[in-house]
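Scroll down for the structure; my scribbles are underneath it.
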Amino acid sequence: MTSSRESTAYLTVSCKDRPGIVSAVSGFLFSKNANIIHSDQHSSDPVGGRFFLRMKFHMNGIEDGLEEFRQEFAEKVADKFDMEWNINPAWIKKKTAILVSKFDHALMDLLWRAKRDELHTEITMVISNHDDLREAVESFGVPFHHVPVEKGNKEASEDKILELMEGKADLVILARYMQILTPKLIDAYPNRIINIHHSFLPAFVGADPYRRAGERGVKLIGATAHYVTEELDQGPIIEQDVIRVSHRHDYEELKVLGRDIERQVLSRAVKWHLTERVLVDGNKTVVFI
């Protein structure tokens, strides 16, 4: 049985908007006898704005000539339009590393989805500053690394994390990793670190937010998945969702609902990143779904 991912690739483009971009890209693919399976585009402003394009295409034999294909696309199309672009194979699973502390709900959901190939990725490792989740992670056949974070010596811990992930992580997921990353780690994976956190209306920061939200009688709780930048929790947002709650929900019920929405939002964000659906535009994202 032939996989739908065989001989299939994703092409993403970002550049200054001008006439002829779609024609040039489509014409190039036609010249290579490639079949466009899906195409989506967006212009932030047709006069002087940015143009964004995502295509999924099938081309027999591209597995053996991908680098030559990329070089020819650069010379004939991308350079002409001053594009930021990527051509990534759909048949190769990206490597993912997960960082986690003690909360396991997002982690276990990702492990389960990856095992069922709902997320087309190879989870190469789970790294934690606590040892609590080792048995649960290793039951999935995934390597678990305990890297404690000592107060005042976070740099040493992150050096170890970077060493573990070198060559083994195309994507890093913070599945409730309760540590603030240093610029060194963030800079090593620009727009390739995804974080998940709760979103309350109104917002409650700090410890025990579900209890304080319940005390205030919130009517909506939710979650936000975003790329990590040096400005805490201010990176480009990939996905958000909310769920309605009421005075009938007690503290424990709010936590259960919150964990559930966090799992859903994070898994969608990760899936969209893995399938090249997210293009970053400054501190915003264009998400083709």
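We label chains A, B, ... in the order they appear in the structure tokens, count residues from 1 in each chain, and number ligands from 1 in the order shown.
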With DSSP run on the backbone, what are the strand (DSSP E) residues within region 75-257 of chain A? I'd like them as a ChimeraX atom specification. /A:84-89,94-100,121-128,144-146,171-174,193-201,220-227,237-244
Dump C-alpha atoms for the selected residues as a PDB file, in the first residue's frame?
ATOM      1  CA  GLU A  84      11.830  33.460   2.300  1.00  0.00           C
ATOM      2  CA  TRP A  85      10.926  29.897   1.481  1.00  0.00           C
ATOM      3  CA  ASN A  86      11.146  26.230   2.422  1.00  0.00           C
ATOM      4  CA  ILE A  87      10.563  22.969   0.617  1.00  0.00           C
ATOM      5  CA  ASN A  88      10.192  20.169   3.148  1.00  0.00           C
ATOM      6  CA  PRO A  89       9.459  16.500   2.464  1.00  0.00           C
ATOM      7  CA  LYS A  94      10.384  15.626  11.979  1.00  0.00           C
ATOM      8  CA  LYS A  95      12.164  14.944  15.255  1.00  0.00           C
ATOM      9  CA  THR A  96      10.519  16.346  18.366  1.00  0.00           C
ATOM     10  CA  ALA A  97      11.849  16.848  21.901  1.00  0.00           C
ATOM     11  CA  ILE A  98       9.441  17.508  24.764  1.00  0.00           C
ATOM     12  CA  LEU A  99      10.306  19.435  27.921  1.00  0.00           C
ATOM     13  CA  VAL A 100       8.050  18.893  30.936  1.00  0.00           C
ATOM     14  CA  THR A 121       6.687  13.014  14.163  1.00  0.00           C
ATOM     15  CA  GLU A 122       9.327  10.998  15.970  1.00  0.00           C
ATOM     16  CA  ILE A 123       9.453  11.972  19.631  1.00  0.00           C
ATOM     17  CA  THR A 124      13.152  11.472  20.241  1.00  0.00           C
ATOM     18  CA  MET A 125      13.213  12.311  23.941  1.00  0.00           C
ATOM     19  CA  VAL A 126      11.456  13.775  26.944  1.00  0.00           C
ATOM     20  CA  ILE A 127      13.508  16.018  29.211  1.00  0.00           C
ATOM     21  CA  SER A 128      12.331  16.980  32.678  1.00  0.00           C
ATOM     22  CA  PHE A 144      13.627  10.072  29.338  1.00  0.00           C
ATOM     23  CA  HIS A 145      16.317  12.444  30.609  1.00  0.00           C
ATOM     24  CA  HIS A 146      16.295  13.998  34.069  1.00  0.00           C
ATOM     25  CA  LEU A 171      10.825  20.971  17.120  1.00  0.00           C
ATOM     26  CA  VAL A 172      10.812  21.557  20.887  1.00  0.00           C
ATOM     27  CA  ILE A 173       7.566  21.442  22.869  1.00  0.00           C
ATOM     28  CA  LEU A 174       7.144  22.872  26.346  1.00  0.00           C
ATOM     29  CA  ILE A 193       9.716  26.032  20.395  1.00  0.00           C
ATOM     30  CA  ILE A 194       5.990  25.764  21.156  1.00  0.00           C
ATOM     31  CA  ASN A 195       4.581  26.533  24.596  1.00  0.00           C
ATOM     32  CA  ILE A 196       1.121  25.906  26.051  1.00  0.00           C
ATOM     33  CA  HIS A 197      -0.477  27.817  28.902  1.00  0.00           C
ATOM     34  CA  HIS A 198      -3.912  28.554  30.261  1.00  0.00           C
ATOM     35  CA  SER A 199      -5.826  31.639  29.149  1.00  0.00           C
ATOM     36  CA  PHE A 200      -8.369  33.175  31.484  1.00  0.00           C
ATOM     37  CA  LEU A 201     -10.839  35.980  30.830  1.00  0.00           C
ATOM     38  CA  LEU A 220     -14.730  31.261  30.060  1.00  0.00           C
ATOM     39  CA  ILE A 221     -11.453  29.413  30.463  1.00  0.00           C
ATOM     40  CA  GLY A 222      -9.095  28.497  27.670  1.00  0.00           C
ATOM     41  CA  ALA A 223      -5.594  27.841  26.436  1.00  0.00           C
ATOM     42  CA  THR A 224      -3.019  29.431  24.150  1.00  0.00           C
ATOM     43  CA  ALA A 225      -0.239  27.761  22.159  1.00  0.00           C
ATOM     44  CA  HIS A 226       2.504  30.058  20.904  1.00  0.00           C
ATOM     45  CA  TYR A 227       6.105  30.149  19.778  1.00  0.00           C
ATOM     46  CA  ILE A 237       0.227  32.803  18.751  1.00  0.00           C
ATOM     47  CA  ILE A 238      -0.495  29.615  16.809  1.00  0.00           C
ATOM     48  CA  GLU A 239      -3.789  28.460  18.302  1.00  0.00           C
ATOM     49  CA  GLN A 240      -6.283  29.375  21.029  1.00  0.00           C
ATOM     50  CA  ASP A 241      -9.569  27.984  22.256  1.00  0.00           C
ATOM     51  CA  VAL A 242     -12.015  28.524  25.098  1.00  0.00           C
ATOM     52  CA  ILE A 243     -14.689  26.562  26.892  1.00  0.00           C
ATOM     53  CA  ARG A 244     -17.678  27.971  28.736  1.00  0.00           C
TER      54      ARG A 244
END
Within region 4-208 of chain A, find each residue whose DSSP state, derived from the backbone, is alpha helix (DSSP H), and express the selection as a ChimeraX atom specification. /A:21-31,66-73,79-81,105-115,134-138,154-165,183-188
Considering only C-alpha atoms, return as a list in words whatever protein or nucleic-acid residues lie within 12 Å of region 212-219 of chain A, sequence-local ones (same chain, fewer than 5 positions apart) excluded.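 Those residues are His198, Ser199, Phe200, Leu201, Pro202, Ala203, Phe204, Val205, Gly206, Ala207, Val242, Ile243, Arg244, Val245, Ser246, His247, Arg248, His249, Asp250, Tyr251, Glu252, Glu253, Leu254, Lys255 and Gly258 of chain A.
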Quick one: distance from CA of Phe69 (chain A) to CA of Ser39 (chain A) in Å, one decimal?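 One can read the CA of Phe69 (chain A) to CA of Ser39 (chain A) distance as 18.9 Å.
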What gap, in Å, lies between CA of Thr182 (chain A) and CA of Glu230 (chain A)?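 Between CA of Thr182 (chain A) and CA of Glu230 (chain A) the gap works out to 7.4 Å.
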Closest pair table for region 65-107 of chain A residues within 8 Å of region 260-284 of chain A, only C-alpha atoms, as a Markdown table:
| residue | atom | partner | partner_atom | distance |
| --- | --- | --- | --- | --- |
| A:Ala90 | CA | A:Thr275 | CA | 7.6 |
| A:Lys94 | CA | A:Leu274 | CA | 7.1 |
| A:His105 | CA | A:Arg263 | CA | 6.9 |
| A:Ala106 | CA | A:Arg263 | CA | 5.1 |
Export N, CA, C and O atoms of the chosen residues as a PDB file, in the first residue's frame?
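As written to disk, again17.pdb reads:
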ATOM      1  N   ALA A  90       7.272  15.619   2.973  1.00  0.00           N
ATOM      2  CA  ALA A  90       6.213  15.123   3.854  1.00  0.00           C
ATOM      3  C   ALA A  90       6.469  13.698   4.293  1.00  0.00           C
ATOM      4  O   ALA A  90       5.875  13.240   5.277  1.00  0.00           O
ATOM      5  N   LYS A  94       9.547  14.706  11.218  1.00  0.00           N
ATOM      6  CA  LYS A  94      10.384  15.626  11.979  1.00  0.00           C
ATOM      7  C   LYS A  94      10.653  15.041  13.372  1.00  0.00           C
ATOM      8  O   LYS A  94       9.830  14.310  13.924  1.00  0.00           O
ATOM      9  N   HIS A 105      -0.518  15.981  31.692  1.00  0.00           N
ATOM     10  CA  HIS A 105      -1.653  15.837  30.780  1.00  0.00           C
ATOM     11  C   HIS A 105      -1.286  16.151  29.331  1.00  0.00           C
ATOM     12  O   HIS A 105      -1.648  15.399  28.423  1.00  0.00           O
ATOM     13  N   ALA A 106      -0.544  17.222  29.093  1.00  0.00           N
ATOM     14  CA  ALA A 106      -0.162  17.568  27.721  1.00  0.00           C
ATOM     15  C   ALA A 106       0.856  16.578  27.175  1.00  0.00           C
ATOM     16  O   ALA A 106       0.788  16.168  26.010  1.00  0.00           O
TER      17      ALA A 106
END
When you look at region 1-17 of chain A with a cut-off of 8 Å (counting only C-alpha atoms), what residues show up, excluding the ones that are within fewer than 3 positions of it in the same chain? I need them as a PyMOL selection string. chain A and resi 21+43+45-63+81-91+275-276+279
For Lys32 (chain A), which of A:Ser44, A:Ser157, A:Arg192, A:Glu68 is the closest residue, counting only C-alpha atoms?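 Distance minimum relative to Lys32 (chain A) lands on A:Glu68.
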Residue nearest Phe288 (chain A) - candidates A:Ser139, A:Asp40, A:Lys76, A:Gln179, atoms counted: only C-alpha atoms: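 Answer, going by the shortest atom-to-atom distance: A:Asp40.
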Distance criterion (only C-alpha atoms): nearest to Glu138 (chain A) out of A:Glu75, A:Ile186, A:Glu158, A:Leu111: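 Between A:Glu75, A:Ile186, A:Glu158, A:Leu111, the residue approaching Glu138 (chain A) most closely is A:Leu111.
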